[in-house]
Amino acid sequence: MLKKKRKVERAGIGEAALSTYDRIAKAKGTAVAEALNQQCMACQMMLRPQRWNDLRDRSYDETMMTCESCGRLLYYDPARDSPQRKTVPVEEHCGVHHPITLKLKGSC
């Protein structure tokens, strides 16, 4: 049953993509790895910031991206990514930026 389903699914994928997948799977055992928090989950290596941004920010694209360290195909699931840090509003008092509002006595 599983082999039959796999055969049907593979029929809908381009030959070049299948060739790449099969080559990586044969060499590594697993061809696909999740990219999470700027890290490849297969080899635990950090992704370069530009590669991470390209992976996260692209719309549906048939270009396959690989980990530059282990060579596995990367996928990104935004639902599993940690939320981005929120910036704290900065206030200025006497020409100095403060991340929190400070109650200072007197003048500058």
# chains A, B, ... in the order shown; residues from 1 in each chain; ligands from 1
>>> select_by_dssp(residues="segment 5-62 of chain A", states="helix (DSSP H, G or I)", output="mmCIF file with N, CA, C and O atoms, in the first residue's frame")
data_model
loop_
_atom_site.group_PDB
_atom_site.id
_atom_site.type_symbol
_atom_site.label_atom_id
_atom_site.label_comp_id
_atom_site.auth_asym_id
_atom_site.auth_seq_id
_atom_site.Cartn_x
_atom_site.Cartn_y
_atom_site.Cartn_z
ATOM 1 N N LYS A 5 1.359 4.151 -2.972
ATOM 2 C CA LYS A 5 1.128 5.579 -2.745
ATOM 3 C C LYS A 5 2.378 6.379 -3.097
ATOM 4 O O LYS A 5 2.299 7.436 -3.705
ATOM 5 N N ARG A 6 3.533 5.843 -2.717
ATOM 6 C CA ARG A 6 4.793 6.524 -3.026
ATOM 7 C C ARG A 6 4.986 6.637 -4.540
ATOM 8 O O ARG A 6 5.405 7.672 -5.041
ATOM 9 N N LYS A 7 4.680 5.582 -5.253
ATOM 10 C CA LYS A 7 4.821 5.586 -6.712
ATOM 11 C C LYS A 7 3.913 6.637 -7.346
ATOM 12 O O LYS A 7 4.321 7.361 -8.253
ATOM 13 N N VAL A 8 2.698 6.767 -6.839
ATOM 14 C CA VAL A 8 1.750 7.773 -7.350
ATOM 15 C C VAL A 8 2.275 9.184 -7.068
ATOM 16 O O VAL A 8 2.255 10.053 -7.941
ATOM 17 N N GLU A 9 2.756 9.406 -5.858
ATOM 18 C CA GLU A 9 3.287 10.723 -5.490
ATOM 19 C C GLU A 9 4.521 11.082 -6.315
ATOM 20 O O GLU A 9 4.681 12.216 -6.748
ATOM 21 N N ARG A 10 5.416 10.134 -6.506
ATOM 22 C CA ARG A 10 6.644 10.387 -7.273
ATOM 23 C C ARG A 10 6.337 10.733 -8.728
ATOM 24 O O ARG A 10 7.084 11.479 -9.353
ATOM 25 N N ALA A 11 5.240 10.228 -9.242
ATOM 26 C CA ALA A 11 4.874 10.504 -10.635
ATOM 27 C C ALA A 11 4.572 11.985 -10.855
ATOM 28 O O ALA A 11 4.748 12.507 -11.960
ATOM 29 N N GLU A 15 11.603 15.056 -12.772
ATOM 30 C CA GLU A 15 12.724 14.121 -12.798
ATOM 31 C C GLU A 15 13.969 14.691 -12.105
ATOM 32 O O GLU A 15 14.663 13.982 -11.371
ATOM 33 N N ALA A 16 14.259 15.957 -12.320
ATOM 34 C CA ALA A 16 15.444 16.565 -11.711
ATOM 35 C C ALA A 16 15.319 16.594 -10.185
ATOM 36 O O ALA A 16 16.280 16.297 -9.468
ATOM 37 N N ALA A 17 14.141 16.946 -9.688
ATOM 38 C CA ALA A 17 13.918 16.987 -8.237
ATOM 39 C C ALA A 17 14.024 15.595 -7.634
ATOM 40 O O ALA A 17 14.631 15.411 -6.567
ATOM 41 N N LEU A 18 13.464 14.599 -8.313
ATOM 42 C CA LEU A 18 13.555 13.220 -7.816
ATOM 43 C C LEU A 18 14.988 12.722 -7.802
ATOM 44 O O LEU A 18 15.426 12.047 -6.868
ATOM 45 N N SER A 19 15.729 13.069 -8.826
ATOM 46 C CA SER A 19 17.130 12.665 -8.907
ATOM 47 C C SER A 19 17.928 13.257 -7.748
ATOM 48 O O SER A 19 18.734 12.566 -7.104
ATOM 49 N N THR A 20 17.706 14.528 -7.468
ATOM 50 C CA THR A 20 18.382 15.195 -6.359
ATOM 51 C C THR A 20 17.998 14.540 -5.036
ATOM 52 O O THR A 20 18.860 14.228 -4.206
ATOM 53 N N TYR A 21 16.716 14.330 -4.842
ATOM 54 C CA TYR A 21 16.223 13.699 -3.608
ATOM 55 C C TYR A 21 16.833 12.308 -3.435
ATOM 56 O O TYR A 21 17.338 11.976 -2.355
ATOM 57 N N ASP A 22 16.780 11.490 -4.476
ATOM 58 C CA ASP A 22 17.295 10.121 -4.396
ATOM 59 C C ASP A 22 18.791 10.092 -4.109
ATOM 60 O O ASP A 22 19.270 9.271 -3.317
ATOM 61 N N ARG A 23 19.543 10.990 -4.715
ATOM 62 C CA ARG A 23 20.990 11.051 -4.507
ATOM 63 C C ARG A 23 21.314 11.386 -3.052
ATOM 64 O O ARG A 23 22.154 10.738 -2.414
ATOM 65 N N ILE A 24 20.615 12.392 -2.500
ATOM 66 C CA ILE A 24 20.857 12.798 -1.113
ATOM 67 C C ILE A 24 20.410 11.698 -0.152
ATOM 68 O O ILE A 24 21.112 11.373 0.809
ATOM 69 N N ALA A 25 19.248 11.108 -0.406
ATOM 70 C CA ALA A 25 18.729 10.050 0.472
ATOM 71 C C ALA A 25 19.662 8.853 0.509
ATOM 72 O O ALA A 25 19.889 8.259 1.571
ATOM 73 N N LYS A 26 20.234 8.509 -0.625
ATOM 74 C CA LYS A 26 21.157 7.375 -0.689
ATOM 75 C C LYS A 26 22.429 7.669 0.115
ATOM 76 O O LYS A 26 22.935 6.820 0.841
ATOM 77 N N ALA A 27 22.925 8.889 0.016
ATOM 78 C CA ALA A 27 24.166 9.257 0.700
ATOM 79 C C ALA A 27 23.968 9.505 2.198
ATOM 80 O O ALA A 27 24.828 9.152 3.009
ATOM 81 N N LYS A 28 22.854 10.120 2.566
ATOM 82 C CA LYS A 28 22.643 10.568 3.952
ATOM 83 C C LYS A 28 21.657 9.719 4.748
ATOM 84 O O LYS A 28 21.569 9.852 5.963
ATOM 85 N N PRO A 49 22.656 33.874 7.787
ATOM 86 C CA PRO A 49 21.467 34.734 7.857
ATOM 87 C C PRO A 49 20.768 34.926 6.511
ATOM 88 O O PRO A 49 19.538 34.875 6.443
ATOM 89 N N GLN A 50 21.520 35.123 5.438
ATOM 90 C CA GLN A 50 20.875 35.336 4.138
ATOM 91 C C GLN A 50 20.148 34.083 3.668
ATOM 92 O O GLN A 50 19.055 34.149 3.126
ATOM 93 N N ARG A 51 20.749 32.917 3.889
ATOM 94 C CA ARG A 51 20.110 31.652 3.492
ATOM 95 C C ARG A 51 18.830 31.449 4.300
ATOM 96 O O ARG A 51 17.817 31.005 3.773
ATOM 97 N N TRP A 52 18.884 31.743 5.598
ATOM 98 C CA TRP A 52 17.707 31.626 6.459
ATOM 99 C C TRP A 52 16.596 32.553 5.973
ATOM 100 O O TRP A 52 15.436 32.152 5.870
ATOM 101 N N ASN A 53 16.949 33.788 5.667
ATOM 102 C CA ASN A 53 15.953 34.744 5.168
ATOM 103 C C ASN A 53 15.373 34.286 3.848
ATOM 104 O O ASN A 53 14.163 34.386 3.624
ATOM 105 N N ASP A 54 16.217 33.785 2.951
ATOM 106 C CA ASP A 54 15.724 33.296 1.656
ATOM 107 C C ASP A 54 14.755 32.135 1.849
ATOM 108 O O ASP A 54 13.725 32.055 1.174
ATOM 109 N N LEU A 55 15.070 31.245 2.758
ATOM 110 C CA LEU A 55 14.214 30.092 3.013
ATOM 111 C C LEU A 55 12.881 30.515 3.632
ATOM 112 O O LEU A 55 11.821 30.044 3.240
ATOM 113 N N ARG A 56 12.925 31.425 4.584
ATOM 114 C CA ARG A 56 11.713 31.880 5.269
ATOM 115 C C ARG A 56 10.828 32.775 4.420
ATOM 116 O O ARG A 56 9.605 32.700 4.506
ATOM 117 N N ASP A 57 11.441 33.670 3.666
ATOM 118 C CA ASP A 57 10.679 34.732 3.023
ATOM 119 C C ASP A 57 10.191 34.413 1.620
ATOM 120 O O ASP A 57 9.486 35.217 1.032
#
>>> closest_residue(among="A:Ile13, A:Gly29, A:Leu47, A:Lys4", to="Leu74 of chain A", atoms="only C-alpha atoms")
A:Leu47
>>> closest_residue(among="A:Leu2, A:Met46, A:Ala31, A:Met41", to="Gly71 of chain A", atoms="only C-alpha atoms")
A:Ala31
>>> atom_distance(atom1="atom CA of Cys40 of chain A", atom2="atom CA of Arg80 of chain A")
13.4 Å
>>> atom_distance(atom1="atom CA of Glu68 of chain A", atom2="atom CA of Arg48 of chain A")
8.8 Å
